[in-house]
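Asker: mmCIF, N, CA and C atoms, saved as final_9.cif, coming up:
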data_query
#
loop_
_atom_site.label_atom_id
_atom_site.label_comp_id
_atom_site.auth_asym_id
_atom_site.auth_seq_id
_atom_site.Cartn_x
_atom_site.Cartn_y
_atom_site.Cartn_z
N MET A 3 1.32 16.11 8.43
CA MET A 3 1.45 14.96 7.55
C MET A 3 0.10 14.69 6.89
N ALA A 4 0.15 14.32 5.64
CA ALA A 4 -1.05 13.88 4.91
C ALA A 4 -0.69 12.60 4.17
N LEU A 5 -1.60 11.67 4.22
CA LEU A 5 -1.42 10.43 3.45
C LEU A 5 -2.06 10.61 2.08
N VAL A 6 -1.34 10.19 1.08
CA VAL A 6 -1.82 10.25 -0.29
C VAL A 6 -2.04 8.81 -0.76
N PHE A 7 -3.24 8.54 -1.23
CA PHE A 7 -3.58 7.21 -1.70
C PHE A 7 -2.87 6.94 -3.01
N ALA A 8 -2.11 5.83 -3.07
CA ALA A 8 -1.38 5.49 -4.28
C ALA A 8 -2.06 4.40 -5.09
N GLY A 9 -2.74 3.47 -4.43
CA GLY A 9 -3.41 2.41 -5.17
C GLY A 9 -3.90 1.30 -4.27
N ILE A 10 -4.80 0.50 -4.81
CA ILE A 10 -5.41 -0.60 -4.08
C ILE A 10 -5.28 -1.86 -4.93
N ASP A 11 -5.35 -3.00 -4.29
CA ASP A 11 -5.29 -4.28 -4.99
C ASP A 11 -6.28 -4.26 -6.16
N PRO A 12 -5.80 -4.42 -7.39
CA PRO A 12 -6.70 -4.34 -8.54
C PRO A 12 -7.76 -5.43 -8.57
N ASP A 13 -7.57 -6.49 -7.81
CA ASP A 13 -8.57 -7.55 -7.78
C ASP A 13 -9.50 -7.42 -6.58
N THR A 14 -9.54 -6.25 -5.98
CA THR A 14 -10.37 -6.05 -4.81
C THR A 14 -11.84 -6.22 -5.16
N GLY A 15 -12.57 -6.76 -4.21
CA GLY A 15 -14.00 -6.91 -4.40
C GLY A 15 -14.78 -6.10 -3.39
N GLY A 16 -14.11 -5.32 -2.59
CA GLY A 16 -14.79 -4.54 -1.57
C GLY A 16 -13.82 -3.92 -0.59
N ASP A 17 -14.23 -3.86 0.67
CA ASP A 17 -13.42 -3.23 1.71
C ASP A 17 -12.30 -4.15 2.19
N ASN A 18 -11.45 -3.59 3.04
CA ASN A 18 -10.37 -4.33 3.70
C ASN A 18 -9.41 -4.96 2.70
N CYS A 19 -8.95 -4.18 1.76
CA CYS A 19 -8.08 -4.68 0.71
C CYS A 19 -6.68 -4.12 0.87
N PRO A 20 -5.67 -4.86 0.43
CA PRO A 20 -4.33 -4.30 0.45
C PRO A 20 -4.28 -2.98 -0.32
N ALA A 21 -3.55 -2.03 0.25
CA ALA A 21 -3.46 -0.71 -0.38
C ALA A 21 -2.10 -0.09 -0.06
N VAL A 22 -1.75 0.90 -0.86
CA VAL A 22 -0.48 1.61 -0.70
C VAL A 22 -0.79 3.10 -0.58
N PHE A 23 -0.14 3.74 0.38
CA PHE A 23 -0.26 5.17 0.61
C PHE A 23 1.15 5.76 0.69
N VAL A 24 1.26 7.07 0.50
CA VAL A 24 2.53 7.77 0.61
C VAL A 24 2.35 8.93 1.57
N ASP A 25 3.28 9.08 2.52
CA ASP A 25 3.30 10.25 3.39
C ASP A 25 3.84 11.40 2.55
N ASP A 26 3.04 12.43 2.33
CA ASP A 26 3.45 13.49 1.40
C ASP A 26 4.58 14.36 1.93
N GLU A 27 4.88 14.29 3.22
CA GLU A 27 5.99 15.07 3.76
C GLU A 27 7.32 14.33 3.68
N THR A 28 7.30 13.03 3.98
CA THR A 28 8.54 12.26 4.05
C THR A 28 8.78 11.36 2.85
N GLY A 29 7.72 11.05 2.11
CA GLY A 29 7.81 10.10 1.01
C GLY A 29 7.75 8.66 1.48
N ASP A 30 7.58 8.44 2.80
CA ASP A 30 7.48 7.07 3.33
C ASP A 30 6.26 6.38 2.74
N LEU A 31 6.40 5.07 2.50
CA LEU A 31 5.27 4.27 2.06
C LEU A 31 4.54 3.72 3.28
N ILE A 32 3.23 3.76 3.24
CA ILE A 32 2.37 3.17 4.26
C ILE A 32 1.64 2.04 3.55
N LEU A 33 1.83 0.83 4.07
CA LEU A 33 1.27 -0.36 3.41
C LEU A 33 0.16 -0.97 4.25
N GLN A 34 -0.95 -1.21 3.62
CA GLN A 34 -2.04 -1.98 4.23
C GLN A 34 -2.03 -3.32 3.53
N GLY A 35 -1.81 -4.37 4.30
CA GLY A 35 -1.74 -5.69 3.70
C GLY A 35 -2.16 -6.75 4.69
N TRP A 36 -1.96 -7.98 4.29
CA TRP A 36 -2.32 -9.09 5.15
C TRP A 36 -1.20 -9.29 6.16
N THR A 37 -1.53 -9.37 7.44
CA THR A 37 -0.55 -9.59 8.49
C THR A 37 0.03 -11.00 8.36
N VAL A 38 1.35 -11.08 8.32
CA VAL A 38 2.02 -12.37 8.24
C VAL A 38 2.07 -12.96 9.64
N THR A 39 1.55 -14.17 9.79
CA THR A 39 1.56 -14.86 11.09
C THR A 39 2.27 -16.20 11.03
N ASP A 40 2.63 -16.65 9.83
CA ASP A 40 3.29 -17.93 9.67
C ASP A 40 4.66 -17.89 10.35
N PRO A 41 4.88 -18.75 11.37
CA PRO A 41 6.14 -18.71 12.12
C PRO A 41 7.38 -18.92 11.24
N LYS A 42 7.31 -19.80 10.26
CA LYS A 42 8.47 -20.03 9.40
C LYS A 42 8.79 -18.78 8.58
N MET A 43 7.76 -18.16 8.03
CA MET A 43 8.00 -16.96 7.23
C MET A 43 8.57 -15.83 8.10
N LEU A 44 8.03 -15.67 9.30
CA LEU A 44 8.54 -14.64 10.21
C LEU A 44 9.99 -14.93 10.60
N ALA A 45 10.32 -16.21 10.81
CA ALA A 45 11.70 -16.58 11.14
C ALA A 45 12.63 -16.27 9.96
N ASP A 46 12.17 -16.53 8.74
CA ASP A 46 12.96 -16.23 7.56
C ASP A 46 13.21 -14.73 7.44
N VAL A 47 12.19 -13.94 7.70
CA VAL A 47 12.35 -12.48 7.67
C VAL A 47 13.36 -12.05 8.74
N ALA A 48 13.21 -12.59 9.95
CA ALA A 48 14.05 -12.19 11.08
C ALA A 48 15.52 -12.55 10.87
N LYS A 49 15.79 -13.55 10.02
CA LYS A 49 17.19 -13.89 9.72
C LYS A 49 17.91 -12.72 9.06
N HIS A 50 17.19 -11.96 8.28
CA HIS A 50 17.78 -10.85 7.53
C HIS A 50 17.61 -9.51 8.24
N SER A 51 16.49 -9.37 8.94
CA SER A 51 16.19 -8.12 9.63
C SER A 51 15.30 -8.44 10.83
N PRO A 52 15.89 -8.45 12.04
CA PRO A 52 15.08 -8.77 13.23
C PRO A 52 13.84 -7.87 13.30
N ILE A 53 12.74 -8.47 13.72
CA ILE A 53 11.46 -7.76 13.77
C ILE A 53 11.30 -7.15 15.17
N ALA A 54 11.29 -5.83 15.23
CA ALA A 54 11.16 -5.13 16.51
C ALA A 54 9.72 -5.23 17.01
N ASP A 55 9.53 -4.98 18.30
CA ASP A 55 8.20 -5.05 18.90
C ASP A 55 7.21 -4.09 18.25
N ASN A 56 7.71 -2.98 17.73
CA ASN A 56 6.82 -1.99 17.11
C ASN A 56 6.73 -2.13 15.59
N GLU A 57 7.15 -3.29 15.06
CA GLU A 57 7.10 -3.54 13.62
C GLU A 57 6.16 -4.69 13.30
N SER A 58 5.66 -4.68 12.09
CA SER A 58 4.81 -5.75 11.59
C SER A 58 5.32 -6.17 10.22
N VAL A 59 5.11 -7.41 9.89
CA VAL A 59 5.40 -7.91 8.55
C VAL A 59 4.06 -8.08 7.87
N VAL A 60 3.93 -7.45 6.70
CA VAL A 60 2.68 -7.55 5.95
C VAL A 60 2.98 -8.10 4.57
N ARG A 61 1.97 -8.69 4.00
CA ARG A 61 2.10 -9.28 2.67
C ARG A 61 1.16 -8.54 1.71
N LEU A 62 1.69 -8.21 0.54
CA LEU A 62 0.90 -7.64 -0.55
C LEU A 62 0.94 -8.64 -1.70
N PRO A 63 -0.14 -8.76 -2.45
CA PRO A 63 -0.11 -9.69 -3.58
C PRO A 63 0.84 -9.18 -4.67
N ALA A 64 1.44 -10.12 -5.39
CA ALA A 64 2.39 -9.78 -6.45
C ALA A 64 1.77 -8.86 -7.49
N ARG A 65 0.47 -8.97 -7.68
CA ARG A 65 -0.19 -8.13 -8.69
C ARG A 65 -0.13 -6.64 -8.34
N MET A 66 0.34 -6.30 -7.13
CA MET A 66 0.44 -4.90 -6.72
C MET A 66 1.83 -4.32 -6.95
N ARG A 67 2.72 -5.07 -7.56
CA ARG A 67 4.09 -4.59 -7.79
C ARG A 67 4.12 -3.25 -8.51
N GLU A 68 3.31 -3.12 -9.54
CA GLU A 68 3.30 -1.88 -10.32
C GLU A 68 2.85 -0.70 -9.46
N ILE A 69 1.87 -0.93 -8.59
CA ILE A 69 1.38 0.12 -7.70
C ILE A 69 2.48 0.57 -6.76
N VAL A 70 3.20 -0.39 -6.18
CA VAL A 70 4.29 -0.05 -5.27
C VAL A 70 5.39 0.69 -6.03
N GLN A 71 5.74 0.22 -7.21
CA GLN A 71 6.79 0.88 -7.99
C GLN A 71 6.39 2.31 -8.36
N GLU A 72 5.15 2.50 -8.75
CA GLU A 72 4.70 3.84 -9.10
C GLU A 72 4.67 4.75 -7.88
N ALA A 73 4.32 4.22 -6.70
CA ALA A 73 4.37 5.02 -5.47
C ALA A 73 5.81 5.42 -5.17
N LEU A 74 6.76 4.51 -5.37
CA LEU A 74 8.17 4.83 -5.17
C LEU A 74 8.66 5.91 -6.13
N ASN A 75 8.10 5.91 -7.33
CA ASN A 75 8.48 6.89 -8.35
C ASN A 75 7.74 8.21 -8.22
N GLY A 76 6.85 8.30 -7.21
CA GLY A 76 6.11 9.54 -7.01
C GLY A 76 4.87 9.66 -7.86
N GLN A 77 4.36 8.54 -8.34
CA GLN A 77 3.16 8.54 -9.16
C GLN A 77 2.16 7.60 -8.54
N GLY A 78 0.90 7.82 -8.81
CA GLY A 78 -0.12 6.87 -8.39
C GLY A 78 -0.35 5.85 -9.50
N ALA A 79 -0.79 4.69 -9.13
CA ALA A 79 -1.11 3.68 -10.14
C ALA A 79 -2.49 3.97 -10.71
N THR A 80 -2.66 3.78 -11.98
CA THR A 80 -3.95 3.99 -12.61
C THR A 80 -4.65 2.65 -12.75
N ILE A 81 -5.60 2.42 -11.87
CA ILE A 81 -6.37 1.19 -11.91
C ILE A 81 -7.82 1.53 -11.68
N GLN A 82 -8.66 0.61 -11.98
CA GLN A 82 -10.08 0.78 -11.73
C GLN A 82 -10.48 -0.20 -10.64
N ARG A 83 -11.20 0.29 -9.63
CA ARG A 83 -11.65 -0.59 -8.57
C ARG A 83 -12.74 -1.50 -9.10
N ALA A 84 -12.60 -2.80 -8.79
CA ALA A 84 -13.59 -3.77 -9.25
C ALA A 84 -14.94 -3.57 -8.59
N ASP A 85 -14.93 -3.04 -7.34
CA ASP A 85 -16.18 -2.89 -6.60
C ASP A 85 -16.89 -1.58 -6.92
N ARG A 86 -16.26 -0.70 -7.70
CA ARG A 86 -16.85 0.57 -8.09
C ARG A 86 -16.53 0.79 -9.55
N GLY A 87 -17.40 0.37 -10.41
CA GLY A 87 -17.13 0.37 -11.84
C GLY A 87 -16.58 1.65 -12.44
N ASP A 88 -16.99 2.80 -11.93
CA ASP A 88 -16.52 4.04 -12.56
C ASP A 88 -15.58 4.83 -11.68
N ASP A 89 -15.11 4.26 -10.55
CA ASP A 89 -14.23 4.97 -9.63
C ASP A 89 -12.78 4.69 -9.99
N HIS A 90 -12.20 5.51 -10.85
CA HIS A 90 -10.82 5.32 -11.25
C HIS A 90 -9.91 5.85 -10.16
N ILE A 91 -8.91 5.06 -9.84
CA ILE A 91 -7.92 5.44 -8.85
C ILE A 91 -6.62 5.60 -9.60
N GLY A 92 -5.97 6.70 -9.42
CA GLY A 92 -4.67 6.82 -10.04
C GLY A 92 -4.37 8.20 -10.53
N GLY A 93 -3.37 8.29 -11.35
CA GLY A 93 -2.87 9.56 -11.82
C GLY A 93 -1.76 10.03 -10.90
N ALA A 94 -1.40 11.29 -11.02
CA ALA A 94 -0.33 11.83 -10.20
C ALA A 94 -0.79 12.00 -8.76
N LEU A 95 0.16 11.81 -7.83
CA LEU A 95 -0.15 12.04 -6.43
C LEU A 95 -0.48 13.52 -6.25
N GLY A 96 -1.43 13.82 -5.39
CA GLY A 96 -1.78 15.22 -5.19
C GLY A 96 -2.88 15.39 -4.17
N ASP A 97 -3.27 16.64 -3.94
CA ASP A 97 -4.24 16.98 -2.91
C ASP A 97 -5.56 16.27 -3.08
N ALA A 98 -5.99 16.02 -4.29
CA ALA A 98 -7.29 15.38 -4.50
C ALA A 98 -7.34 13.97 -3.94
N ARG A 99 -6.17 13.36 -3.75
CA ARG A 99 -6.13 12.00 -3.27
C ARG A 99 -5.66 11.92 -1.82
N ARG A 100 -5.55 13.05 -1.16
CA ARG A 100 -5.12 13.09 0.22
C ARG A 100 -6.21 12.47 1.08
N VAL A 101 -5.84 11.55 1.96
CA VAL A 101 -6.85 10.86 2.76
C VAL A 101 -6.84 11.24 4.23
N HIS A 102 -5.74 11.82 4.69
CA HIS A 102 -5.67 12.16 6.11
C HIS A 102 -4.64 13.26 6.30
N ALA A 103 -5.00 14.27 7.01
CA ALA A 103 -4.05 15.34 7.33
C ALA A 103 -4.03 15.54 8.82
N SER A 104 -2.84 15.78 9.36
CA SER A 104 -2.75 16.06 10.80
C SER A 104 -1.82 17.22 11.03
#
Please, can you express the file's structure as structure tokens?

Answerer:
Amino acid sequence: MALVFAGIDPDTGGDNCPAVFVDDETGDLILQGWTVTDPKMLADVAKHSPIADNESVVRLPARMREIVQEALNGQGATIQRADRGDDHIGGALGDARRVHAS
């Protein structure tokens, strides 16, 4: 398995930012986001889909919708990281953006 970086929160100012990755073998999305701890929100989620012990509910900002959609379509989002002026993230998913292989 290799994770392919699909995109990061376009309003990021540094590390520890919401991000989207794709497992290149299965097409599964791997989401890095803010852990939801609000009991009411977790209860609302559980009404529709009970949360198993090995599951987490994470929140991504709405501004990342395009990144998630492009990851679902097999494309990376083309954005520029705010914390690295010339580090463009995006284009087609591929080996150059692979972040982890096992």

Asker: Which distance in Å separates atom N of A:Asp26 and atom C of A:Ile10, to one decimal?

Answerer: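 Taking atom N of A:Asp26 as the start and atom C of A:Ile10 as the end point, the length is 18.1 Å.
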
Asker: Running the PyMOL selection byres ((chain A and resi 22) around 8) on this model by hand, what would come out? Give it as a PyMOL selection string.

Answerer: chain A and resi 6-11+19-21+23-25+31-35+69-70+73

Asker: Record the distance separating atom C of A:Glu68 and atom N of A:Ile53, expressed in Å with one decimal.

Answerer: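 Computed distance, atom C of A:Glu68 to atom N of A:Ile53, equals 26.4 Å.
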
Asker: Any idea what's packed within 6.5 Å of A:Val38, counting all atoms listed in the file, ignoring anything in its chain fewer than 6 positions away? Could you give it as JSON, numbers by chain?

Answerer: {"A": [59, 60, 61]}

Asker: Could you pull out the strand (DSSP E) residues of stretch 14-61 of chain A, going by DSSP on the backbone, and write them as a PyMOL selection string?

Answerer: chain A and resi 21-25+31-34+36-37+60-61

Asker: Rounded to one decimal, what separation in Å do you get between atom C of A:Asp30 and atom C of A:Leu5?

Answerer: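 That distance, rounded to one decimal, is 9.4 Å.
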
Asker: Taking into account all atoms listed in the file, which residue in the set A:Lys42, A:Gly15, A:Gly76, A:Trp36 is nearest to A:Pro63?

Answerer: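 Using all atoms listed in the file, the shortest distance to A:Pro63 belongs to A:Trp36.
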
Asker: Give, as lines of an AutoDock Vina configuration file, the centre coordinates and the x, y and z edge lengths in Å to one decimal for an axis-aligned box around all listed atoms of stretch 39-47 of chain A, padded by 6 Å on each side.

Answerer:
center_x = 7.5
center_y = -16.0
center_z = 9.7
size_x = 23.8
size_y = 20.0
size_z = 16.9

Asker: Have a look at A:Leu62, A:Asn75, A:Lys49, A:Ala54 and name the one nearest to A:Thr37; count only C-alpha atoms.

Answerer: A:Leu62
